[in-house]
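target12.pdb follows; it contains PDB, C-alpha atoms.
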```pdb
ATOM      1  CA  MET J  18     -11.204  -3.262  -7.904
ATOM      2  CA  HIS J  19      -7.463  -3.875  -7.693
ATOM      3  CA  GLU J  20      -8.019  -6.217  -4.736
ATOM      4  CA  LEU J  21      -8.831  -9.012  -7.192
ATOM      5  CA  GLY J  22      -5.470  -8.505  -8.900
ATOM      6  CA  VAL J  23      -3.767  -8.586  -5.497
ATOM      7  CA  VAL J  24      -5.537 -11.837  -4.665
ATOM      8  CA  PHE J  25      -4.474 -13.398  -7.971
ATOM      9  CA  ARG J  26      -0.868 -12.491  -7.157
ATOM     10  CA  ILE J  27      -1.160 -14.056  -3.679
ATOM     11  CA  ILE J  28      -2.687 -17.205  -5.148
ATOM     12  CA  ASP J  29       0.139 -17.427  -7.708
ATOM     13  CA  ASP J  30       2.714 -17.124  -4.902
ATOM     14  CA  LEU J  31       0.922 -19.699  -2.744
ATOM     15  CA  THR J  32       0.587 -22.100  -5.662
ATOM     16  CA  GLU J  33       4.342 -21.911  -6.166
ATOM     17  CA  VAL J  34       4.969 -22.486  -2.438
ATOM     18  CA  GLY J  35       2.539 -25.393  -2.556
ATOM     19  CA  LYS J  36       4.403 -27.058  -5.417
ATOM     20  CA  GLU J  37       7.828 -26.482  -3.861
ATOM     21  CA  ASN J  38       6.682 -27.995  -0.551
ATOM     22  CA  GLU J  39       4.355 -30.672  -1.959
ATOM     23  CA  LEU J  40       1.350 -29.262  -0.100
ATOM     24  CA  GLU J  41      -2.055 -30.834  -0.520
ATOM     25  CA  LYS J  42      -4.197 -28.144   1.090
ATOM     26  CA  ILE J  43      -3.785 -24.594   2.348
ATOM     27  CA  HIS J  44      -6.152 -24.088   5.279
ATOM     28  CA  SER J  45      -5.457 -20.459   6.082
ATOM     29  CA  VAL J  46      -3.331 -17.520   5.030
ATOM     30  CA  THR J  47      -2.454 -14.664   7.374
ATOM     31  CA  LEU J  48      -1.701 -11.318   5.753
ATOM     32  CA  GLN J  49      -0.263  -8.223   7.382
ATOM     33  CA  LEU J  50      -1.927  -5.197   5.856
ATOM     34  CA  GLY J  51      -0.857  -1.632   6.624
ATOM     35  CA  GLU J  52      -3.550   0.924   7.420
ATOM     36  CA  VAL J  53      -2.542   3.087   4.462
ATOM     37  CA  SER J  54      -1.645   0.320   2.013
ATOM     38  CA  GLY J  55      -4.492   1.288  -0.290
ATOM     39  CA  VAL J  56      -6.080  -2.163  -0.025
ATOM     40  CA  VAL J  57      -9.633  -2.377   1.348
ATOM     41  CA  PRO J  58      -9.852  -5.417   3.688
ATOM     42  CA  SER J  59     -13.521  -6.201   3.018
ATOM     43  CA  LEU J  60     -12.975  -6.129  -0.754
ATOM     44  CA  LEU J  61      -9.858  -8.256  -0.353
ATOM     45  CA  GLU J  62     -11.818 -10.836   1.645
ATOM     46  CA  ASP J  63     -14.582 -10.970  -0.974
ATOM     47  CA  ALA J  64     -12.049 -11.361  -3.787
ATOM     48  CA  TRP J  65     -10.258 -14.077  -1.793
ATOM     49  CA  LYS J  66     -13.448 -16.111  -1.285
ATOM     50  CA  TRP J  67     -14.246 -15.953  -4.987
ATOM     51  CA  ALA J  68     -10.741 -16.699  -6.318
ATOM     52  CA  ALA J  69      -9.618 -19.259  -3.717
ATOM     53  CA  ALA J  70     -12.781 -21.316  -4.296
ATOM     54  CA  ARG J  71     -11.601 -21.869  -7.871
ATOM     55  CA  THR J  72      -8.367 -23.575  -6.848
ATOM     56  CA  GLU J  73      -8.057 -27.054  -5.428
ATOM     57  CA  LEU J  74      -5.169 -26.088  -3.152
ATOM     58  CA  MET J  75      -6.954 -23.140  -1.497
ATOM     59  CA  LYS J  76     -10.629 -24.073  -1.743
ATOM     60  CA  ASP J  77     -12.406 -23.226   1.557
ATOM     61  CA  SER J  78      -9.241 -21.647   2.985
ATOM     62  CA  GLU J  79      -9.519 -18.797   5.458
ATOM     63  CA  LEU J  80      -7.970 -15.390   4.900
ATOM     64  CA  ILE J  81      -6.833 -13.740   8.132
ATOM     65  CA  ILE J  82      -5.940 -10.066   7.964
ATOM     66  CA  GLU J  83      -3.811  -8.370  10.609
ATOM     67  CA  THR J  84      -3.921  -4.587  10.359
ATOM     68  CA  LEU J  85      -0.622  -2.797  10.941
ATOM     69  CA  PRO J  86      -0.916   0.770  12.224
ATOM     70  CA  ALA J  87       0.435   3.607  10.120
ATOM     71  CA  VAL J  88       3.096   5.683  11.872
ATOM     72  CA  THR J  89       4.653   8.918  10.617
ATOM     73  CA  TYR J  90       7.955  10.451  11.725
ATOM     74  CA  CYS J  91       8.532  14.207  12.104
ATOM     75  CA  GLU J  92      12.018  15.333  11.096
ATOM     76  CA  ASP J  93      11.713  18.613  13.001
ATOM     77  CA  CYS J  94      10.673  17.479  16.483
ATOM     78  CA  LYS J  95      11.838  13.857  16.081
ATOM     79  CA  SER J  96       8.483  12.441  17.189
ATOM     80  CA  GLU J  97       6.322   9.646  15.836
ATOM     81  CA  TYR J  98       2.559   9.867  15.573
ATOM     82  CA  GLU J  99      -0.511   8.068  14.218
ATOM     83  CA  THR J 100      -0.746   8.781  10.507
ATOM     84  CA  VAL J 101      -4.456   8.129  10.074
ATOM     85  CA  ALA J 102      -5.415  10.435  12.939
ATOM     86  CA  HIS J 103      -3.173  13.347  11.935
ATOM     87  CA  GLY J 104      -2.085  12.994   8.295
ATOM     88  CA  LYS J 105       1.056  14.697   7.048
ATOM     89  CA  ILE J 106       1.073  17.564   9.586
ATOM     90  CA  CYS J 107       2.836  16.746  12.873
ATOM     91  CA  PRO J 108       0.375  17.164  15.763
ATOM     92  CA  ASN J 109       3.252  17.978  18.126
ATOM     93  CA  CYS J 110       4.960  20.861  16.302
ATOM     94  CA  GLY J 111       2.881  21.570  13.177
ATOM     95  CA  SER J 112       5.695  20.662  10.792
ATOM     96  CA  GLU J 113       5.157  19.277   7.303
ATOM     97  CA  HIS J 114       8.647  17.732   7.275
ATOM     98  CA  THR J 115       7.325  14.255   7.907
ATOM     99  CA  TYR J 116       7.462  10.835   6.308
ATOM    100  CA  LEU J 117       5.722   7.504   6.686
ATOM    101  CA  LEU J 118       7.670   5.008   8.800
ATOM    102  CA  LYS J 119       5.271   2.100   8.509
ATOM    103  CA  GLY J 120       1.723   1.317   7.573
ATOM    104  CA  ASN J 121       1.845   0.689   3.832
ATOM    105  CA  GLU J 122       2.976  -2.939   4.111
ATOM    106  CA  PHE J 123       1.317  -5.884   2.444
ATOM    107  CA  MET J 124       2.931  -9.184   3.417
ATOM    108  CA  ILE J 125       2.099 -12.854   3.719
ATOM    109  CA  LYS J 126       2.880 -13.595   7.362
ATOM    110  CA  GLU J 127       1.826 -17.207   7.740
ATOM    111  CA  ILE J 128       0.440 -20.142   5.804
ATOM    112  CA  ALA J 129      -1.285 -23.062   7.532
ATOM    113  CA  ALA J 130      -1.179 -26.103   5.278
ATOM    114  CA  THR J 131      -0.946 -29.873   5.075
TER     115      THR J 131
END
```

Step by step, read the file and then write its structure as structure tokens.
Amino acid sequence: MHELGVVFRIIDDLTEVGKENELEKIHSVTLQLGEVSGVVPSLLEDAWKWAAARTELMKDSELIIETLPAVTYCEDCKSEYETVAHGKICPNCGSEHTYLLKGNEFMIKEIAAT
């Protein structure tokens, strides 16, 4: 389960932000997670609950996940389409000359803290 490793990395980053800004408590963290990022939201949430509970700064904090849609671009017909629904093959022209525009992101969007 690589989600636990991801959570440890987030906690390390938030701990550093907490020290730099003299935060006492992080109440919530909002993540933007691309549809094809390879991270499973439910596993990420479970790992967050377990790991955050072991830190004073993030104990009882909420993890909010915003899913970003995956979009692929077709170089042949210059169209964009939903990656998850159609995969690598363009539904408009049948081309395989495509690439992912967005949808593999994993970013901390917002931190609510005191």

Spatial neighbours of stretch 19-29 of chain J, 6 Å, all atoms listed in the file, chain gap at least 3 places, as a ChimeraX atom specification: /J:32,61,64-65

Could you please take those selected residues and save C-alpha atoms as an mmCIF file, keeping the file's coordinate frame?
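Contents of again.cif, as written:
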```cif
data_model
loop_
_atom_site.group_PDB
_atom_site.id
_atom_site.type_symbol
_atom_site.label_atom_id
_atom_site.label_comp_id
_atom_site.auth_asym_id
_atom_site.auth_seq_id
_atom_site.Cartn_x
_atom_site.Cartn_y
_atom_site.Cartn_z
ATOM 1 C CA THR J 32 0.587 -22.100 -5.662
ATOM 2 C CA LEU J 61 -9.858 -8.256 -0.353
ATOM 3 C CA ALA J 64 -12.049 -11.361 -3.787
ATOM 4 C CA TRP J 65 -10.258 -14.077 -1.793
#
```

When the PyMOL selection byres ((chain J and resi 94) around 10) is applied to the structure above, which residues does it catch, written out as a count of residues only? 14

Selection result for the PyMOL selection byres ((chain J and resi 75) around 10) on this file, as a PyMOL selection string: chain J and resi 28+31-32+35+41-46+65-66+68-74+76-79+130

For J:Leu85, which residue among J:Ile106, J:Val34, J:Leu50, J:Val56 is the nearest when counting all atoms listed in the file? J:Leu50

By how many Å are atom CA of J:Thr131 and atom CA of J:Glu37 apart?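 Taking atom CA of J:Thr131 as the start and atom CA of J:Glu37 as the end point, the length is 13.0 Å.
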
Which of J:Tyr116, J:Lys126, J:Pro86, J:His103 sits closest to J:Val53 [using only C-alpha atoms]: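 Of the candidates, the smallest distance to J:Val53 is held by J:Pro86.
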
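For the atom pair formed by atom CA of J:Gly120 and atom CA of J:Asp63, the distance is 22.1 Å, given to one decimal.
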
Determine, counting all atoms listed in the file, which protein, DNA and RNA residues have an atom within 8 Å of an atom of J:Leu118; residues of the same chain fewer than 5 positions away are not included. Present the result as a VMD selection string. chain J and resid 87 to 90
